[in-house]
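Note sheet for the following structure.
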Amino acid sequence: MMKIKTIPTLKNIVFSAFATAWVLGNIDNANAQVAKNNLRPASLGKLGMVASANPLASLAGQKILIKGGNAIDAIVATAASLNAVEPYMSGTAGVGYMLFYSAKDQKVRSLVFGGWVPKNFDAKAMKSDAKLADGAGHGGMETIGPRTPAVPGNLAGWNRALKDYGTMSLSEVFESTIDYLENGVPVTEFDQAMWEGTLDRVSPHPESAAIFLKEDKSTYKIGDFFTNKPLAKTMRRIAKEGIDVFYKGEIAREMAAAFKRDGGFISVEDLASVPDKVQWVEPISVKYRDYTVYNNPPPGMGIQQLQVLKIMEGFDLKKMGHNSVDYLAHLMEAIYLSRIDTDKYIGDPKFVNVPVTMLLSDSYIASQRAKVVANIKERRTNMKKQSLLEKVPGAFESAVPDQYKYATTSLSATDRWGNAVVIIQTHGGGFGSGYVAGKTGVVFNSALDWMTLIPGQANTVEPGKAVGWCIGGMMQFHKNGKPELIVGSPGSFGILQSVPQVAMNVVDFGMNIQDAISAPRFRWKDELGSVPAKELIIETRIPEKTLQELRDMGYVLDTSLGEWSMTVGGAQGITIDHKTGWIMGGADPRRNGYSIGW
């Protein structure tokens with residue numbers, strides 16, 4: 001029976017592949033050069049699309065669509081399955097944001113489940129010896145252990161979305177997750193690198209080491225199968241009993257007891273408060289070209305992406321040319337200025353005043369655009385010949401490569417009814433805090449490491465406060481009231497830089513979504529404590545002549561990570577052609593990303 005049921009869907013998938021040439025023929029070919037180093041075609045379909053950072057996760061979501069589920073059902077299945085296939089990036093005790101378009105309501109809504117500071121948080125209890133070079137590196141906070149997790153929101157977020165807009169039960173959408181956790185998933189080259197790069201985050205904790213390291217305490221490698229049977233048991237209970245067993249019941253009590261025993265802050269009361277905190281809110285939006293662009297509100301930092309778009313809207317980008325010196329310089333300056341705003345203003349609106357209206361006002365954007373022009377003029381006036389071979393200060397100082405410091409993932413889904421949804425969810429650092437609470441198999445996030453202990457800042461850590469997050473940065477581009485592009489990316493504060501680059505590749509340069517994602521990118525090194533930024537990471541597929549001129553203009557470029565770098569993100573996105581009905585998916589080859597359509 002199963003084979004009979006799946007044959008029609010497989011035909012659709014194969015037909016989609018043959019239709020690639022026809023669809024791509026309708027894409028602007030002016031920037032086809034970016035595809036020369038991109039050997040991956042876009043995925044196509046008409047009935048639905050799932051794009052995520054792992055093919056097995058995308059498959060989990062696509063199975064749900066094939067069974068008749070909608071985009072919410074599919075994205076929750078995909079998000080949960082990342083517990084198994086990307087355990088270092090996100091999971092049940094992680095945190096996240098969702099941006100959802102309901103075709104029935106013809107409305108975009110934002111769901112914030114980005115984590116909260118525990119009520120019993122005590123800065124004096126934080127230990128300076130629990131910091132690692134492969135953590136977020138924000139200073140002042142522990143990077144691993146039971147004191148650095150925020151109260152987690154992922155499970156409550158998945159459940160809220162499923163309850164309000166889904167059509168399936170937790171037991172149905174968790175089916176693949178439980179299967180993967182119990183029976184194992186293959187470890188890829190990328191997985192091996194992530195495991196090796198974050199070994200020290202899990203090794204100090206016995207419960208974690210027993211799950212995430214092999215019996216000889218070594219990391220998982222290509223060809224191994226990874227299982228997490230304790231988490232499979234936990235997820236099976238949640239699927240059967242509902243999320244209250246995790247937030248208010250036996251599992252909650254076990255986790256809270258572990259935190260108390262090991263000196264952490266998360267309590268039964270903290271966990272019990274989460275389901276009511278996770279509610280739909282209104283997104284923020286701007287007009288860009290012919291589109292209405294939606295993003296998540298504070299405490300998400302997606303407003304930075306909207307500022308960048310509005311600044312860049314005032315320039316003739318096509319005339320500049322894709323990734324030309326002129327284009328890159330203008331975009332670098334726009335991002336540089338906007339990041340200063342997020343660092344200064346963005347935090348929990350219940351604790352601090354966030355001037356959203358001012359930051360997106362025409363007058364303020366115009367003044368920022370004028371600064372971009374002035375800054376570039378000054379750089380050109382003061383141009384000085386630099387050497388491409390000049391060593392970038394600090395580029396090789398870390399024993400652990402930058403790309404393994406952060407642990408976030410993005411995923412998108414659409415369905416036959418016109419719903420569209422994108423999630424960014426995270427552990428914070430690799431394997432989060434590295435701390436598994438009790439015998440649950442649940443590894444907790446390290447979200448507090450993304451706040452600051454400095455008093456009086458917008459994102460200063462305070463009991464009960466929502467974490468101010470770069471993970472809020474994802475976008476939906478709508479025309480005539482319907483979504484035509486949805487896109488998100490992981491990448492720490494690079495999220496706020498990568499997503500606009502991908503979006504403008506589609507909107508302004510006519511690329512298909514896969515080429516837009518694969519095209520070379522850059523990002524400022526603008527982590528907490530490094531704003532305003534002084535240095536950029538840039539992929540070397542951008543011509544050396546262009547890099548040379550940017551250096552001559554005074555930009556400090558770190559090219560040590562080569563042609564492809566996960567440090568500039570791992571974007572996933574979907575475009576929808578409402579005239580033909582075709583859906584196109586793209587996923588980032590910088591990581592394990594794959595999109596699947598039917």
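For the structure tokens, the naming scheme is as follows: chains receive sequential letters (A, B, ...) according to their order of presentation, residues are indexed from 1 within each chain, and ligands are indexed from 1 in presentation order.
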> region 311-320 of chain A: which residues within 8 Å, counting only C-alpha atoms, same-chain residues fewer than 5 positions away excluded, as a PyMOL selection string?
Replying inline: chain A and resi 288-289+326-327+330-331+334+365-366+368-369+508-509
Kindly export the residues of the current selection with all heavy atoms, as a short mmCIF file (atom, residue, chain, number, x, y, z; two decimals), in the first residue's frame.
```
data_model
loop_
_atom_site.label_atom_id
_atom_site.label_comp_id
_atom_site.auth_asym_id
_atom_site.auth_seq_id
_atom_site.Cartn_x
_atom_site.Cartn_y
_atom_site.Cartn_z
N TYR A 288 9.51 47.64 0.08
CA TYR A 288 10.78 47.59 -0.63
C TYR A 288 10.50 47.27 -2.09
O TYR A 288 9.93 46.21 -2.40
CB TYR A 288 11.71 46.54 -0.03
CG TYR A 288 13.06 46.46 -0.73
CD1 TYR A 288 14.02 47.46 -0.54
CD2 TYR A 288 13.36 45.42 -1.60
CE1 TYR A 288 15.24 47.41 -1.19
CE2 TYR A 288 14.57 45.35 -2.26
CZ TYR A 288 15.51 46.36 -2.05
OH TYR A 288 16.73 46.30 -2.70
N ARG A 289 10.88 48.18 -2.98
CA ARG A 289 10.54 48.04 -4.39
C ARG A 289 9.02 47.84 -4.50
O ARG A 289 8.26 48.65 -4.01
CB ARG A 289 11.32 46.89 -5.04
CG ARG A 289 12.82 46.90 -4.79
CD ARG A 289 13.54 48.12 -5.30
NE ARG A 289 14.99 47.98 -5.19
CZ ARG A 289 15.84 48.98 -5.26
NH1 ARG A 289 15.40 50.22 -5.42
NH2 ARG A 289 17.14 48.76 -5.16
N ASP A 326 31.30 48.91 -5.94
CA ASP A 326 30.33 49.93 -5.56
C ASP A 326 29.18 49.33 -4.75
O ASP A 326 28.79 49.85 -3.69
CB ASP A 326 29.79 50.60 -6.83
CG ASP A 326 29.31 52.03 -6.58
OD1 ASP A 326 29.73 52.62 -5.56
OD2 ASP A 326 28.54 52.54 -7.40
N TYR A 327 28.63 48.22 -5.24
CA TYR A 327 27.53 47.56 -4.53
C TYR A 327 27.96 47.07 -3.16
O TYR A 327 27.29 47.33 -2.15
CB TYR A 327 27.02 46.39 -5.37
CG TYR A 327 26.01 45.52 -4.64
CD1 TYR A 327 24.72 45.96 -4.40
CD2 TYR A 327 26.36 44.24 -4.19
CE1 TYR A 327 23.79 45.16 -3.74
CE2 TYR A 327 25.45 43.44 -3.53
CZ TYR A 327 24.17 43.90 -3.30
OH TYR A 327 23.26 43.11 -2.64
N HIS A 330 28.53 49.98 -0.62
CA HIS A 330 27.27 50.56 -0.14
C HIS A 330 26.58 49.62 0.85
O HIS A 330 26.06 50.06 1.89
CB HIS A 330 26.35 50.87 -1.32
CG HIS A 330 26.69 52.13 -2.04
ND1 HIS A 330 27.74 52.21 -2.92
CD2 HIS A 330 26.14 53.37 -1.99
CE1 HIS A 330 27.81 53.45 -3.41
NE2 HIS A 330 26.86 54.17 -2.85
N LEU A 331 26.54 48.33 0.52
CA LEU A 331 25.88 47.36 1.40
C LEU A 331 26.65 47.20 2.71
O LEU A 331 26.04 47.12 3.79
CB LEU A 331 25.75 46.02 0.69
CG LEU A 331 25.00 44.91 1.42
CD1 LEU A 331 23.62 45.38 1.88
CD2 LEU A 331 24.87 43.68 0.53
N ALA A 334 25.80 50.19 4.85
CA ALA A 334 24.42 50.15 5.34
C ALA A 334 24.28 49.17 6.51
O ALA A 334 23.62 49.47 7.52
CB ALA A 334 23.48 49.75 4.21
N ILE A 365 15.92 56.86 7.83
CA ILE A 365 16.54 56.06 6.77
C ILE A 365 17.29 56.96 5.80
O ILE A 365 18.41 56.64 5.36
CB ILE A 365 15.48 55.22 6.03
CG1 ILE A 365 14.89 54.15 6.97
CG2 ILE A 365 16.09 54.57 4.78
CD1 ILE A 365 15.87 53.13 7.49
N ALA A 366 16.71 58.11 5.47
CA ALA A 366 17.37 59.05 4.57
C ALA A 366 18.68 59.55 5.17
O ALA A 366 19.69 59.70 4.46
CB ALA A 366 16.45 60.22 4.25
N GLN A 368 20.55 57.94 7.34
CA GLN A 368 21.49 56.82 7.31
C GLN A 368 22.04 56.60 5.90
O GLN A 368 23.23 56.33 5.71
CB GLN A 368 20.80 55.54 7.79
CG GLN A 368 20.40 55.54 9.27
CD GLN A 368 21.59 55.46 10.21
OE1 GLN A 368 22.25 56.48 10.46
NE2 GLN A 368 21.87 54.28 10.73
N ARG A 369 21.17 56.78 4.90
CA ARG A 369 21.62 56.63 3.51
C ARG A 369 22.66 57.71 3.16
O ARG A 369 23.65 57.43 2.47
CB ARG A 369 20.42 56.71 2.57
CG ARG A 369 20.76 56.33 1.13
CD ARG A 369 19.54 56.47 0.23
NE ARG A 369 18.46 55.58 0.65
CZ ARG A 369 17.23 55.98 0.95
NH1 ARG A 369 16.92 57.26 0.89
NH2 ARG A 369 16.30 55.10 1.30
N ASP A 508 16.52 42.13 -6.68
CA ASP A 508 17.20 43.16 -7.47
C ASP A 508 18.03 42.61 -8.63
O ASP A 508 18.23 43.32 -9.62
CB ASP A 508 18.09 44.00 -6.56
CG ASP A 508 17.29 44.85 -5.59
OD1 ASP A 508 16.65 45.80 -6.05
OD2 ASP A 508 17.28 44.55 -4.37
N PHE A 509 18.53 41.38 -8.47
CA PHE A 509 19.42 40.84 -9.50
C PHE A 509 18.83 39.66 -10.26
O PHE A 509 19.48 39.06 -11.10
CB PHE A 509 20.76 40.47 -8.87
CG PHE A 509 21.49 41.66 -8.31
CD1 PHE A 509 21.59 41.85 -6.95
CD2 PHE A 509 22.05 42.61 -9.16
CE1 PHE A 509 22.24 42.97 -6.42
CE2 PHE A 509 22.71 43.72 -8.66
CZ PHE A 509 22.81 43.91 -7.29
#
```
> In region 129-205 of chain A, what's alpha helix (DSSP H) per DSSP? Answer as an MDAnalysis selection string?
Replying inline: chainID A and resid 154:165 170:173 175:183 189:197 199:202
Considering only C-alpha atoms, tabulate each residue of region 412-442 of chain A that lies at most 10 Å from region 80-92 of chain A along with its nearest interatomic pair and the corresponding distance in Å to one decimal; arrange the rows by chain and ascending residue number and present them as a Markdown table.
```
| residue | atom | partner | partner_atom | distance |
| --- | --- | --- | --- | --- |
| A:Ile424 | CA | A:Ser90 | CA | 9.5 |
| A:Gln425 | CA | A:Ser90 | CA | 6.2 |
| A:Thr426 | CA | A:Ser90 | CA | 4.5 |
| A:His427 | CA | A:Ser90 | CA | 4.6 |
| A:Gly428 | CA | A:Met89 | CA | 7.6 |
| A:Gly429 | CA | A:Met89 | CA | 7.5 |
| A:Gly430 | CA | A:Tyr88 | CA | 4.9 |
| A:Phe431 | CA | A:Tyr88 | CA | 4.0 |
| A:Gly432 | CA | A:Tyr88 | CA | 7.0 |
| A:Gly434 | CA | A:Tyr88 | CA | 9.0 |
| A:Val442 | CA | A:Thr92 | CA | 6.9 |
```
Can you write out the residues you just picked, keeping N, CA and C atoms, as an mmCIF file, in the first residue's frame?
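Final file, selection-v8.cif:
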```
data_model
loop_
_atom_site.group_PDB
_atom_site.id
_atom_site.type_symbol
_atom_site.label_atom_id
_atom_site.label_comp_id
_atom_site.auth_asym_id
_atom_site.auth_seq_id
_atom_site.Cartn_x
_atom_site.Cartn_y
_atom_site.Cartn_z
ATOM 1 N N ILE A 424 13.619 30.319 12.408
ATOM 2 C CA ILE A 424 15.023 30.233 12.805
ATOM 3 C C ILE A 424 15.023 29.802 14.262
ATOM 4 N N GLN A 425 15.732 28.722 14.559
ATOM 5 C CA GLN A 425 15.811 28.227 15.935
ATOM 6 C C GLN A 425 17.255 27.876 16.256
ATOM 7 N N THR A 426 17.576 27.851 17.559
ATOM 8 C CA THR A 426 18.986 27.749 17.926
ATOM 9 C C THR A 426 19.197 27.127 19.296
ATOM 10 N N HIS A 427 20.415 26.614 19.476
ATOM 11 C CA HIS A 427 20.920 26.267 20.805
ATOM 12 C C HIS A 427 21.781 27.391 21.365
ATOM 13 N N GLY A 428 22.195 28.329 20.519
ATOM 14 C CA GLY A 428 23.101 29.399 20.932
ATOM 15 C C GLY A 428 24.530 29.084 20.537
ATOM 16 N N GLY A 429 25.155 28.172 21.256
ATOM 17 C CA GLY A 429 26.474 27.656 20.906
ATOM 18 C C GLY A 429 26.353 26.207 20.475
ATOM 19 N N GLY A 430 27.456 25.608 20.011
ATOM 20 C CA GLY A 430 27.420 24.210 19.609
ATOM 21 C C GLY A 430 26.985 23.318 20.751
ATOM 22 N N PHE A 431 25.918 22.534 20.551
ATOM 23 C CA PHE A 431 25.279 21.746 21.606
ATOM 24 C C PHE A 431 24.823 22.635 22.765
ATOM 25 N N GLY A 432 24.574 23.914 22.459
ATOM 26 C CA GLY A 432 24.058 24.838 23.460
ATOM 27 C C GLY A 432 24.974 24.971 24.646
ATOM 28 N N GLY A 434 25.747 22.579 26.400
ATOM 29 C CA GLY A 434 26.403 21.283 26.582
ATOM 30 C C GLY A 434 25.827 20.483 27.724
ATOM 31 N N VAL A 442 17.642 15.642 26.891
ATOM 32 C CA VAL A 442 17.389 17.001 26.410
ATOM 33 C C VAL A 442 18.588 17.894 26.716
#
```
>> Could you list, as a list of chain:residue names, every residue within 10 Å of Pro349 (chain A), counting only C-alpha atoms and ignoring same-chain residues fewer than 2 positions away?
In response: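 These residues fall inside the cut-off: A:Pro297, A:Pro298, A:Pro299, A:Tyr345, A:Ile346, A:Gly347, A:Phe351, A:Val352, A:Asn353, A:Val354, A:Pro355, A:Ala458, A:Lys465, A:Ala466, A:Gly468.
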Go ahead and dump the residues you just picked, all heavy atoms, as a compact mmCIF listing (two decimals), in the first residue's frame.
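Generated output (selection_0.txt):
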```
# COMPACT_ATOMS: atom_id res chain seq x y z
N PRO A 297 9.17 41.32 15.24
CA PRO A 297 9.38 42.52 16.06
C PRO A 297 10.40 42.26 17.17
O PRO A 297 10.77 41.11 17.42
CB PRO A 297 8.00 42.78 16.64
CG PRO A 297 7.43 41.41 16.82
CD PRO A 297 7.93 40.61 15.63
N PRO A 298 10.85 43.31 17.87
CA PRO A 298 11.68 43.10 19.05
C PRO A 298 10.95 42.26 20.09
O PRO A 298 9.72 42.33 20.17
CB PRO A 298 11.90 44.54 19.56
CG PRO A 298 11.75 45.38 18.33
CD PRO A 298 10.67 44.72 17.54
N PRO A 299 11.68 41.42 20.84
CA PRO A 299 13.14 41.45 21.03
C PRO A 299 13.96 40.82 19.92
O PRO A 299 15.17 40.70 20.04
CB PRO A 299 13.34 40.69 22.34
CG PRO A 299 12.21 39.70 22.35
CD PRO A 299 11.05 40.43 21.75
N TYR A 345 19.69 49.58 20.74
CA TYR A 345 18.27 49.70 21.06
C TYR A 345 17.52 48.41 21.33
O TYR A 345 16.50 48.43 22.02
CB TYR A 345 17.55 50.41 19.91
CG TYR A 345 17.91 51.86 19.73
CD1 TYR A 345 18.57 52.28 18.57
CD2 TYR A 345 17.59 52.81 20.69
CE1 TYR A 345 18.89 53.61 18.37
CE2 TYR A 345 17.91 54.15 20.51
CZ TYR A 345 18.57 54.54 19.34
OH TYR A 345 18.89 55.86 19.16
N ILE A 346 17.94 47.26 20.76
CA ILE A 346 17.05 46.10 20.75
C ILE A 346 17.18 45.25 22.01
O ILE A 346 18.25 44.77 22.37
CB ILE A 346 17.30 45.22 19.51
CG1 ILE A 346 17.17 46.05 18.24
CG2 ILE A 346 16.31 44.05 19.49
CD1 ILE A 346 15.85 46.75 18.08
N GLY A 347 16.05 45.09 22.66
CA GLY A 347 15.91 44.25 23.85
C GLY A 347 14.45 43.92 24.04
O GLY A 347 13.62 44.14 23.14
N PHE A 351 10.87 45.63 28.98
CA PHE A 351 11.89 46.13 29.89
C PHE A 351 12.53 47.42 29.39
O PHE A 351 12.99 48.23 30.20
CB PHE A 351 12.98 45.08 30.09
CG PHE A 351 12.60 43.95 30.99
CD1 PHE A 351 11.71 42.97 30.57
CD2 PHE A 351 13.15 43.84 32.26
CE1 PHE A 351 11.37 41.90 31.39
CE2 PHE A 351 12.81 42.79 33.10
CZ PHE A 351 11.91 41.81 32.67
N VAL A 352 12.60 47.61 28.06
CA VAL A 352 13.26 48.79 27.50
C VAL A 352 12.41 49.37 26.38
O VAL A 352 11.61 48.67 25.76
CB VAL A 352 14.67 48.45 26.95
CG1 VAL A 352 15.59 47.99 28.06
CG2 VAL A 352 14.59 47.41 25.84
N ASN A 353 12.59 50.65 26.13
CA ASN A 353 11.89 51.31 25.04
C ASN A 353 12.64 51.05 23.73
O ASN A 353 13.82 51.39 23.61
CB ASN A 353 11.81 52.82 25.29
CG ASN A 353 11.16 53.55 24.13
OD1 ASN A 353 10.16 53.08 23.57
ND2 ASN A 353 11.73 54.69 23.76
N VAL A 354 11.97 50.42 22.79
CA VAL A 354 12.57 50.15 21.48
C VAL A 354 11.89 51.05 20.45
O VAL A 354 10.71 50.84 20.13
CB VAL A 354 12.41 48.67 21.09
CG1 VAL A 354 13.14 48.40 19.78
CG2 VAL A 354 12.96 47.75 22.18
N PRO A 355 12.59 52.04 19.90
CA PRO A 355 11.95 53.03 19.00
C PRO A 355 11.78 52.52 17.57
O PRO A 355 12.40 53.02 16.62
CB PRO A 355 12.93 54.20 19.07
CG PRO A 355 14.26 53.57 19.28
CD PRO A 355 14.00 52.37 20.16
N ALA A 458 20.36 47.69 26.47
CA ALA A 458 19.06 47.22 26.01
C ALA A 458 18.90 45.72 26.25
O ALA A 458 17.81 45.25 26.58
CB ALA A 458 18.87 47.54 24.54
N LYS A 465 13.41 38.52 31.82
CA LYS A 465 13.52 39.27 30.57
C LYS A 465 13.65 38.33 29.38
O LYS A 465 14.34 37.30 29.45
CB LYS A 465 14.74 40.18 30.64
CG LYS A 465 14.86 41.21 29.53
CD LYS A 465 16.06 42.13 29.81
CE LYS A 465 16.15 43.27 28.82
NZ LYS A 465 17.29 44.18 29.12
N ALA A 466 13.01 38.68 28.27
CA ALA A 466 13.17 37.91 27.04
C ALA A 466 14.53 38.24 26.43
O ALA A 466 15.00 39.38 26.49
CB ALA A 466 12.06 38.24 26.05
N GLY A 468 17.15 39.27 23.79
CA GLY A 468 17.22 39.99 22.53
C GLY A 468 18.04 39.19 21.54
O GLY A 468 19.18 38.82 21.83
```
Excluding Ala150 (chain A) and any residue of its chain fewer than 6 positions from it, enumerate the residues within 8 Å of it, using only C-alpha atoms, and give them as a CSV table (one decimal) with N, CA, C and O atoms, in the first residue's frame.
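Output saved as around.csv:
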```csv
chain,number,residue,atom,x,y,z
A,115,GLY,N,13.1,32.5,24.3
A,115,GLY,CA,13.8,32.2,25.6
A,115,GLY,C,13.7,33.4,26.6
A,115,GLY,O,13.6,34.5,26.1
A,116,TRP,N,13.8,33.1,27.8
A,116,TRP,CA,13.6,34.1,28.9
A,116,TRP,C,14.7,33.8,30.0
A,116,TRP,O,15.0,32.6,30.3
A,117,VAL,N,15.1,34.8,30.6
A,117,VAL,CA,16.0,34.7,31.8
A,117,VAL,C,15.3,34.1,32.9
A,117,VAL,O,14.2,34.5,33.3
A,118,PRO,N,15.8,33.0,33.5
A,118,PRO,CA,15.2,32.4,34.7
A,118,PRO,C,14.9,33.4,35.8
A,118,PRO,O,15.7,34.3,36.0
A,266,ILE,N,17.2,27.4,36.3
A,266,ILE,CA,15.8,27.1,35.7
A,266,ILE,C,15.1,26.2,36.7
A,266,ILE,O,15.5,25.2,37.2
A,445,ASN,N,19.9,25.0,25.7
A,445,ASN,CA,20.5,26.1,25.0
A,445,ASN,C,21.5,26.9,25.9
A,445,ASN,O,21.6,26.7,27.1
A,446,SER,N,22.3,27.8,25.2
A,446,SER,CA,23.2,28.7,25.9
A,446,SER,C,22.8,30.2,25.6
A,446,SER,O,23.7,31.0,25.4
A,447,ALA,N,21.5,30.4,25.6
A,447,ALA,CA,21.0,31.7,25.2
A,447,ALA,C,21.5,32.9,26.0
A,447,ALA,O,21.6,34.0,25.5
A,448,LEU,N,21.7,32.7,27.3
A,448,LEU,CA,22.1,33.9,28.2
A,448,LEU,C,23.4,34.4,27.8
A,448,LEU,O,23.8,35.6,28.0
A,467,VAL,N,15.2,37.2,25.8
A,467,VAL,CA,16.5,37.4,25.2
A,467,VAL,C,16.3,38.2,23.9
A,467,VAL,O,15.5,37.9,23.1
```
> What is the distance between CA of Val506 (chain A) and CA of Ile75 (chain A), in Å to one decimal?
Replying inline: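 Separation of CA of Val506 (chain A) and CA of Ile75 (chain A): 23.1 Å.
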>> Please determine, counting only C-alpha atoms, which residue among A:Glu207, A:Glu378, A:Asp515, A:Asp164 has the shortest atom-to-atom distance to Trp280 (chain A).
In response: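 When distances to Trp280 (chain A) are compared using only C-alpha atoms, the smallest one comes from A:Asp164.
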> Excluding same-chain residues fewer than 6 positions from Gly569 (chain A), what lies within 12 Å of it counting only C-alpha atoms, as a PyMOL selection string?
Replying inline: chain A and resi 53+402-404+406-410+424+471+487-502+517-523+537-539+587-593
> Near region 436-439 of chain A, counting only C-alpha atoms, which residues have an atom at most 9 Å away, once you skip same-chain residues fewer than 2 positions from it, shown as a list of chain:residue names?
Replying inline: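 The contact residues come out as A:Pro146, A:Val202, A:His205, A:Pro206, A:Glu207, A:Ser208, A:Pro230, A:Leu231, A:Glu254, A:Met255, A:Ala256, A:Ala257, A:Ala258, A:Phe259, A:Ser433, A:Gly434, A:Gly441, A:Val442, A:Val443, A:Phe444.
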> Hey, which of A:Glu549, A:Asn323, A:Thr381, A:Leu359 ends up closest to Asn505 (chain A)? Count only C-alpha atoms.
Replying inline: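 Ranked by minimum distance to Asn505 (chain A), first place goes to A:Asn323.
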> Quick one: residues within 12 Å of Gly585 (chain A), only C-alpha atoms counted, chain neighbours fewer than 5 positions away excluded, as a VMD selection string?
Replying inline: chain A and resid 16 to 17 20 40 to 46 48 to 52 58 411 to 414 484 to 487 512 to 517 571 to 577 593 to 598
> So which bits of region 403-453 of chain A end up strand (DSSP E or B) when you DSSP the backbone, as a ChimeraX atom specification?
Replying inline: /A:407-415,420-428,436,443-444,452
Preceding selection exported with C-alpha atoms as a PDB file, in the first residue's frame:
```pdb
ATOM      1  CA  ALA A 407      24.733  26.836  16.462  1.00  0.00           C
ATOM      2  CA  THR A 408      21.592  27.977  14.695  1.00  0.00           C
ATOM      3  CA  THR A 409      19.430  26.669  11.870  1.00  0.00           C
ATOM      4  CA  SER A 410      16.760  27.950   9.496  1.00  0.00           C
ATOM      5  CA  LEU A 411      13.892  26.164   7.759  1.00  0.00           C
ATOM      6  CA  SER A 412      11.008  27.104   5.481  1.00  0.00           C
ATOM      7  CA  ALA A 413       7.857  25.445   4.176  1.00  0.00           C
ATOM      8  CA  THR A 414       4.954  26.127   1.847  1.00  0.00           C
ATOM      9  CA  ASP A 415       1.914  24.048   0.920  1.00  0.00           C
ATOM     10  CA  ALA A 420       4.129  29.959   3.978  1.00  0.00           C
ATOM     11  CA  VAL A 421       6.289  29.732   7.087  1.00  0.00           C
ATOM     12  CA  VAL A 422       9.902  30.250   8.072  1.00  0.00           C
ATOM     13  CA  ILE A 423      11.628  29.413  11.386  1.00  0.00           C
ATOM     14  CA  ILE A 424      15.023  30.233  12.805  1.00  0.00           C
ATOM     15  CA  GLN A 425      15.811  28.227  15.935  1.00  0.00           C
ATOM     16  CA  THR A 426      18.986  27.749  17.926  1.00  0.00           C
ATOM     17  CA  HIS A 427      20.920  26.267  20.805  1.00  0.00           C
ATOM     18  CA  GLY A 428      23.101  29.399  20.932  1.00  0.00           C
ATOM     19  CA  VAL A 436      21.655  17.567  29.486  1.00  0.00           C
ATOM     20  CA  VAL A 443      20.377  19.298  25.858  1.00  0.00           C
ATOM     21  CA  PHE A 444      19.723  22.916  26.833  1.00  0.00           C
ATOM     22  CA  THR A 452      25.266  41.203  28.529  1.00  0.00           C
TER      23      THR A 452
END
```
> What is the CA of Glu527 (chain A) to CA of Thr198 (chain A) distance in Å?
Replying inline: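 Answer for the CA of Glu527 (chain A) to CA of Thr198 (chain A) separation: 18.7 Å.
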> Using only C-alpha atoms, which of A:Leu162, A:Ala209, A:Leu56, A:Leu557 sits nearest Gly184 (chain A)?
Replying inline: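 Of all the options, A:Leu56 lies closest to Gly184 (chain A).
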>> One number please: CA of Glu282 (chain A) to CA of Met358 (chain A), in Å, one decimal.
In response: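 CA of Met358 (chain A) lies at a distance of 17.5 Å from CA of Glu282 (chain A).
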